>>> print(open('start_17.txt').read())   # compact mmCIF, C-alpha atoms
# COMPACT_ATOMS: atom_id res chain seq x y z
CA MET A 1399 -61.20 23.52 6.15
CA ARG A 1400 -58.37 21.64 7.79
CA LEU A 1401 -54.95 23.28 7.51
CA PHE A 1402 -52.24 21.25 5.85
CA PRO A 1403 -48.96 20.61 7.71
CA ILE A 1404 -46.45 23.44 7.75
CA PRO A 1405 -43.71 21.48 5.86
CA THR A 1406 -46.08 21.10 2.89
CA TYR A 1407 -46.67 24.85 2.70
CA ALA A 1408 -42.95 25.48 3.17
CA LEU A 1409 -42.10 23.32 0.18
CA CYS A 1410 -44.64 25.11 -1.99
CA ALA A 1411 -43.30 28.49 -0.87
CA CYS A 1412 -39.74 27.42 -1.71
CA LEU A 1413 -40.86 26.32 -5.16
CA LEU A 1414 -42.55 29.67 -5.81
CA ALA A 1415 -39.55 31.62 -4.49
CA GLY A 1416 -37.23 29.65 -6.74
CA ALA A 1417 -39.37 30.32 -9.79
CA LEU A 1418 -39.47 34.05 -9.06
CA SER A 1419 -35.74 34.35 -8.33
CA SER A 1420 -34.83 32.49 -11.54
CA CYS A 1421 -36.23 35.39 -13.59
CA ALA A 1422 -35.06 38.25 -11.38
CA PRO A 1423 -32.69 40.77 -12.99
CA THR A 1424 -29.28 41.03 -11.36
CA LEU A 1425 -26.48 43.57 -11.58
CA THR A 1426 -22.97 42.24 -12.12
CA ALA A 1427 -19.72 44.19 -12.13
CA THR A 1428 -17.15 43.40 -14.81
CA TYR A 1429 -13.56 44.15 -13.85
CA GLN A 1430 -11.29 45.94 -16.30
CA LEU A 1431 -7.65 46.83 -15.60
CA GLU A 1432 -5.31 49.10 -17.54
CA PRO A 1433 -1.62 49.81 -16.85
CA VAL A 1434 -0.77 53.42 -16.02
CA SER A 1435 2.92 53.10 -15.17
CA GLY A 1436 6.10 51.91 -16.82
CA ASP A 1437 6.81 51.77 -20.54
CA ILE A 1438 3.29 51.33 -21.98
CA ALA A 1439 2.64 50.16 -25.54
CA THR A 1440 -0.38 48.75 -27.36
CA ILE A 1441 0.19 45.21 -28.59
CA ASP A 1442 -2.57 43.28 -30.37
CA GLY A 1443 -5.05 45.92 -29.22
CA ARG A 1444 -4.13 45.62 -25.54
CA PRO A 1445 -2.12 48.08 -23.42
CA VAL A 1446 1.04 46.38 -22.16
CA THR A 1447 3.46 47.78 -19.59
CA LYS A 1448 7.15 47.02 -19.18
CA ALA A 1449 9.23 47.68 -16.08
CA GLU A 1450 12.68 46.61 -14.98
CA GLN A 1451 14.73 46.80 -11.78
CA ASN A 1452 18.21 45.37 -11.17
CA GLY A 1453 18.12 43.28 -14.32
CA VAL A 1454 14.70 41.72 -13.66
CA GLY A 1455 12.14 42.73 -16.26
CA VAL A 1456 8.35 42.34 -16.04
CA VAL A 1457 5.99 42.66 -18.99
CA ALA A 1458 2.32 42.67 -17.97
CA SER A 1459 -1.13 43.23 -19.41
CA PHE A 1460 -4.66 42.63 -18.22
CA GLU A 1461 -5.98 39.33 -19.58
CA ARG A 1462 -9.47 38.85 -18.14
CA GLU A 1463 -11.67 38.46 -15.10
CA ASP A 1464 -11.60 34.84 -13.97
CA LEU A 1465 -14.03 33.73 -11.24
CA GLU A 1466 -12.77 35.31 -8.01
CA PHE A 1467 -9.60 36.73 -9.61
CA VAL A 1468 -8.42 39.34 -12.07
CA THR A 1469 -5.80 37.86 -14.36
CA LEU A 1470 -2.59 39.40 -15.65
CA ASP A 1471 -0.63 37.99 -18.56
CA VAL A 1472 2.93 38.28 -17.26
CA GLU A 1473 6.36 37.64 -18.71
CA ILE A 1474 9.42 37.73 -16.47
CA LYS A 1475 12.84 38.26 -18.04
CA ASN A 1476 16.13 37.55 -16.31
CA ARG A 1477 18.72 40.02 -17.57
CA THR A 1478 21.03 39.48 -14.60
CA ASP A 1479 24.20 37.38 -14.68
CA HIS A 1480 22.80 34.74 -12.31
CA PRO A 1481 19.72 32.53 -11.97
CA ILE A 1482 16.65 33.91 -10.20
CA GLU A 1483 13.79 32.15 -8.45
CA VAL A 1484 10.42 32.93 -10.01
CA ASN A 1485 7.28 32.48 -7.93
CA PRO A 1486 3.88 33.96 -8.84
CA ALA A 1487 3.09 34.24 -5.12
CA ASP A 1488 5.77 36.97 -5.01
CA PHE A 1489 3.32 39.34 -6.71
CA HIS A 1490 1.59 41.54 -4.14
CA PHE A 1491 -0.55 44.63 -4.41
CA VAL A 1492 -1.83 47.48 -2.31
CA ALA A 1493 -5.40 48.62 -3.02
CA LEU A 1494 -5.63 52.36 -3.72
CA GLY A 1495 -8.51 54.81 -3.92
CA SER A 1496 -9.31 57.33 -6.65
CA ALA A 1497 -6.62 59.73 -5.36
CA GLN A 1498 -4.15 56.81 -5.21
CA ASP A 1499 -4.48 56.84 -1.46
CA THR A 1500 -4.22 53.56 0.40
CA LEU A 1501 -7.43 51.80 1.40
CA GLN A 1502 -7.94 50.23 4.80
CA ASP A 1503 -8.66 46.54 5.26
CA SER A 1504 -12.28 46.14 6.40
CA MET A 1505 -11.23 43.18 8.56
CA ASN A 1506 -8.61 45.31 10.32
CA PRO A 1507 -9.17 49.08 9.97
CA THR A 1508 -5.66 49.87 11.21
CA THR A 1509 -4.08 47.88 8.35
CA VAL A 1510 -3.55 48.86 4.73
CA LEU A 1511 -5.50 46.67 2.29
CA THR A 1512 -2.95 44.38 0.67
CA ARG A 1513 -3.28 41.07 -1.11
CA SER A 1514 -0.97 38.44 -2.58
CA ALA A 1515 -1.37 36.65 -5.88
CA ALA A 1516 -2.62 33.09 -5.78
CA ASP A 1517 -0.01 30.36 -5.36
CA PRO A 1518 -0.79 27.76 -8.08
CA SER A 1519 0.97 24.94 -6.21
CA TYR A 1520 -1.16 25.50 -3.12
CA GLU A 1521 -4.37 25.99 -5.10
CA VAL A 1522 -3.98 22.79 -7.11
CA SER A 1523 -3.37 20.84 -3.89
CA ARG A 1524 -6.83 21.94 -2.66
CA MET A 1525 -8.74 20.47 -5.59
CA ALA A 1526 -9.06 16.97 -4.09
CA PHE A 1527 -10.38 18.46 -0.84
CA LYS A 1528 -12.92 20.62 -2.71
CA ARG A 1529 -14.22 17.62 -4.65
CA LYS A 1530 -14.61 15.54 -1.48
CA GLU A 1531 -16.50 18.37 0.22
CA GLU A 1532 -18.85 18.64 -2.74
CA GLU A 1533 -19.51 14.89 -2.65
CA LYS A 1534 -20.34 15.17 1.06
CA ARG A 1535 -22.70 18.07 0.35
CA LEU A 1536 -24.56 16.01 -2.25
CA LYS A 1537 -24.87 13.08 0.16
CA ARG A 1538 -26.33 15.39 2.84
CA ALA A 1539 -28.76 16.78 0.28
CA LYS A 1540 -29.86 13.24 -0.64
CA VAL A 1541 -30.56 12.41 3.02
CA PHE A 1542 -32.50 15.65 3.50
CA ASN A 1543 -34.51 15.03 0.32
CA THR A 1544 -35.43 11.55 1.58
CA ILE A 1545 -36.62 13.00 4.88
CA LEU A 1546 -38.71 15.60 3.04
CA MET A 1547 -40.21 12.94 0.79
CA VAL A 1548 -41.19 10.74 3.74
CA ALA A 1549 -42.73 13.71 5.54
CA THR A 1550 -44.64 14.78 2.42
CA ILE A 1551 -46.00 11.27 1.80
CA ALA A 1552 -47.09 10.98 5.44
CA SER A 1553 -48.81 14.36 5.22
CA ASP A 1554 -50.46 13.41 1.93
CA VAL A 1555 -51.82 10.11 3.27
CA SER A 1556 -53.00 11.65 6.52
CA SER A 1557 -54.75 14.66 5.00
CA SER A 1558 -56.31 12.60 2.17
CA SER A 1559 -57.81 10.03 4.53
CA ASN A 1560 -59.17 12.79 6.77
CA SER A 1561 -60.66 14.94 4.02
CA ARG A 1562 -64.26 15.86 4.90
CA SER A 1563 -65.34 17.06 1.47
CA TYR A 1564 -64.40 16.84 -2.20
CA ARG A 1565 -63.23 20.45 -2.09
CA GLU A 1566 -60.88 19.68 0.77
CA TYR A 1567 -59.68 16.53 -1.03
CA ALA A 1568 -59.04 18.48 -4.28
CA SER A 1569 -57.16 21.21 -2.43
CA ASN A 1570 -55.05 18.55 -0.74
CA ARG A 1571 -54.13 17.04 -4.12
CA VAL A 1572 -53.10 20.44 -5.50
CA VAL A 1573 -50.98 21.37 -2.49
CA HIS A 1574 -49.25 18.02 -2.23
CA GLY A 1575 -48.80 17.90 -6.00
CA LEU A 1576 -46.86 21.15 -5.73
CA ALA A 1577 -44.87 19.68 -2.85
CA TYR A 1578 -43.84 16.66 -4.95
CA GLN A 1579 -42.92 18.96 -7.81
CA GLY A 1580 -40.90 21.08 -5.40
CA LEU A 1581 -38.97 18.02 -4.26
CA ALA A 1582 -38.29 17.02 -7.86
CA VAL A 1583 -37.02 20.53 -8.59
CA LYS A 1584 -34.81 20.48 -5.49
CA ARG A 1585 -33.30 17.14 -6.50
CA ALA A 1586 -32.60 18.46 -9.99
CA VAL A 1587 -31.03 21.62 -8.57
CA ASP A 1588 -28.88 19.60 -6.15
CA TYR A 1589 -27.50 17.43 -8.94
CA SER A 1590 -27.09 20.37 -11.29
CA THR A 1591 -25.19 22.31 -8.63
CA PHE A 1592 -22.99 19.28 -7.97
CA ALA A 1593 -22.22 18.85 -11.68
CA ASN A 1594 -21.53 22.57 -12.17
CA ARG A 1595 -19.19 22.75 -9.20
CA MET A 1596 -17.30 19.62 -10.21
CA GLN A 1597 -16.93 21.06 -13.70
CA ARG A 1598 -15.66 24.29 -12.17
CA TYR A 1599 -13.09 22.37 -10.11
CA ASP A 1600 -11.92 20.62 -13.29
CA TYR A 1601 -11.41 24.03 -14.87
CA GLU A 1602 -9.65 25.39 -11.78
CA GLU A 1603 -7.24 22.45 -11.76
CA TYR A 1604 -6.52 23.02 -15.44
CA ARG A 1605 -6.02 26.73 -14.74
CA TRP A 1606 -3.49 26.16 -11.98
CA ARG A 1607 -1.63 23.37 -13.79
CA GLU A 1608 -1.55 24.70 -17.34
CA LEU A 1609 -2.22 28.45 -17.46
CA ALA A 1610 -0.70 29.95 -14.32
CA LEU A 1611 2.85 31.22 -14.09
CA LYS A 1612 4.93 28.42 -12.59
CA ALA A 1613 7.41 28.64 -9.75
CA ASN A 1614 10.82 27.74 -11.17
CA THR A 1615 14.44 28.74 -11.49
CA LEU A 1616 15.04 31.11 -14.38
CA ALA A 1617 18.54 31.06 -15.85
CA SER A 1618 20.35 34.21 -16.93
CA GLY A 1619 19.12 35.47 -20.30
CA GLU A 1620 15.89 33.45 -20.19
CA SER A 1621 12.26 34.42 -19.74
CA VAL A 1622 9.04 32.74 -18.62
CA ARG A 1623 5.42 33.62 -19.24
CA GLY A 1624 2.09 32.75 -17.65
CA PHE A 1625 -0.99 34.10 -15.89
CA VAL A 1626 -0.87 35.72 -12.46
CA TYR A 1627 -4.15 35.64 -10.53
CA LEU A 1628 -4.87 38.56 -8.19
CA PRO A 1629 -7.81 38.44 -5.73
CA LYS A 1630 -10.61 40.85 -6.58
CA VAL A 1631 -10.94 44.01 -4.51
CA GLN A 1632 -14.10 45.76 -5.63
CA LEU A 1633 -13.48 49.09 -3.89
CA ALA A 1634 -10.01 49.61 -5.38
CA LYS A 1635 -9.54 52.24 -8.10
CA TYR A 1636 -5.87 51.38 -8.56
CA LEU A 1637 -3.73 48.34 -7.82
CA ALA A 1638 -0.15 49.15 -6.85
CA ILE A 1639 1.47 45.84 -7.77
CA ASN A 1640 4.97 44.81 -6.79
CA TYR A 1641 6.92 41.81 -7.99
CA THR A 1642 9.47 41.09 -5.31
CA ILE A 1643 12.42 38.73 -5.35
CA PRO A 1644 13.56 38.71 -1.71
CA GLU A 1645 16.89 40.43 -1.15
CA GLN A 1646 17.30 41.07 -4.88
CA THR A 1647 14.77 43.42 -6.42
CA ASN A 1648 11.31 44.93 -6.40
CA VAL A 1649 9.55 45.74 -9.69
CA PRO A 1650 6.57 48.12 -9.32
CA LEU A 1651 3.53 48.19 -11.60
CA LEU A 1652 0.44 50.38 -11.35
CA PHE A 1653 -2.90 49.40 -12.87
CA LYS A 1654 -6.10 51.42 -12.93
CA GLN A 1655 -9.24 49.39 -12.17
CA ASP A 1656 -12.73 50.07 -13.51
CA LEU A 1657 -15.95 48.22 -12.76
CA VAL A 1658 -18.58 48.17 -15.50
CA GLN A 1659 -22.08 47.42 -14.25
CA GLN A 1660 -24.07 45.01 -16.41
CA LYS A 1661 -27.70 44.00 -16.00
CA ASN A 1662 -28.37 40.30 -16.48
CA THR A 1663 -31.71 38.53 -16.45
CA ARG A 1664 -31.52 34.93 -15.36
CA LYS A 1665 -33.88 32.71 -17.32
CA ARG A 1666 -35.44 29.50 -16.16
CA ARG A 1667 -34.03 26.43 -17.88
>>> encode(input="start_17.txt", output="structure tokens")
Amino acid sequence: MRLFPIPTYALCACLLAGALSSCAPTLTATYQLEPVSGDIATIDGRPVTKAEQNGVGVVASFEREDLEFVTLDVEIKNRTDHPIEVNPADFHFVALGSAQDTLQDSMNPTTVLTRSAADPSYEVSRMAFKRKEEEKRLKRAKVFNTILMVATIASDVSSSSNSRSYREYASNRVVHGLAYQGLAVKRAVDYSTFANRMQRYDYEEYRWRELALKANTLASGESVRGFVYLPKVQLAKYLAINYTIPEQTNVPLLFKQDLVQQKNTRKRR
């Protein structure tokens, strides 16, 4: 029997791999943070910590895991006699191990693993770029799909016209039928991925504009509240967080981090 072209078999293999992976169980880690320093109280069922240095007070609690971040619900109070500049990017943390020892940065083993909170102003400015990149990705996928379709049709016509028996002809129909189905699935996945990512970018823009703690000037006696987004560090057992106002104060907070493993089974839609 004549062998069918390699691209046809490749498409069928991709289709089978996609079907198998869609049902494969996966382990996901859910991040949970709990304050272990400062004046800790339970409010609405959540542990909340309070700390103050030089008239600048910080009230913080763990809100939730949010995409690539862990989120703190933070209130900053200005109890000084002068205005202060509030910026969520002034939150930094050092990743600590189980003995509250500092962890090393895997990218630079001689450096302590530190991270800064996301800057909402910078993040929201990236949304237009992300959307344009996603549109370019979809256009590239369309071109590639067209090339695959042309190659599959050419293979189908060639192998059908050269079939030497009914068995060979029937096998050709089955294989190329799977190839066409594979292309249809790929197109659907491409568009679904595009729609999901654009929806995610809409949410991210809303997050940075409406939910995040805003950079502003806080008058004496006033307070401001919002979410602070800290990059995930999976290996950390503690996060030694500092809110720093340059040349004025440094407010320390310590949170314990736990990862709860959950088993999810992805189902085919």
>>> atom_distance(input="start_17.txt", atom1="atom CA of Leu1501 of chain A", atom2="atom CA of Leu1465 of chain A")
23.0 Å
>>> residues_near_point(input="start_17.txt", point="(-4.2, 24.5, -12.9)", cutoff="12 Å", atoms="only C-alpha atoms", output="JSON, numbers by chain")
{"A": [1516, 1517, 1518, 1519, 1520, 1521, 1522, 1523, 1524, 1525, 1598, 1599, 1600, 1601, 1602, 1603, 1604, 1605, 1606, 1607, 1608, 1609, 1610, 1611, 1612, 1624, 1625, 1626, 1627]}
>>> atom_distance(input="start_17.txt", atom1="atom CA of Lys1475 of chain A", atom2="atom CA of Arg1462 of chain A")
22.3 Å
>>> residues_around(input="start_17.txt", residues="Ser1504 of chain A", least_positions_apart="6", cutoff="12 Å", atoms="all atoms listed in the file", output="list in words")
Ala1493, Val1510, Leu1511, Thr1512, Val1631 and Leu1633 of chain A
>>> residues_around(input="start_17.txt", residues="Val1434 of chain A", least_positions_apart="3", cutoff="10 Å", atoms="only C-alpha atoms", output="PyMOL selection string")
chain A and resi 1431+1437-1438+1445-1447+1636+1651-1654
>>> atom_distance(input="start_17.txt", atom1="atom CA of Gly1575 of chain A", atom2="atom CA of Thr1550 of chain A")
9.9 Å
>>> closest_residue(input="start_17.txt", among="A:Asn1640, A:Thr1440, A:Thr1647, A:Ser1553", to="Asn1570 of chain A", atoms="only C-alpha atoms")
A:Ser1553
>>> closest_residue(input="start_17.txt", among="A:Ala1586, A:Ala1634, A:Val1457, A:Ile1643", to="Ile1482 of chain A", atoms="all atoms listed in the file")
A:Ile1643
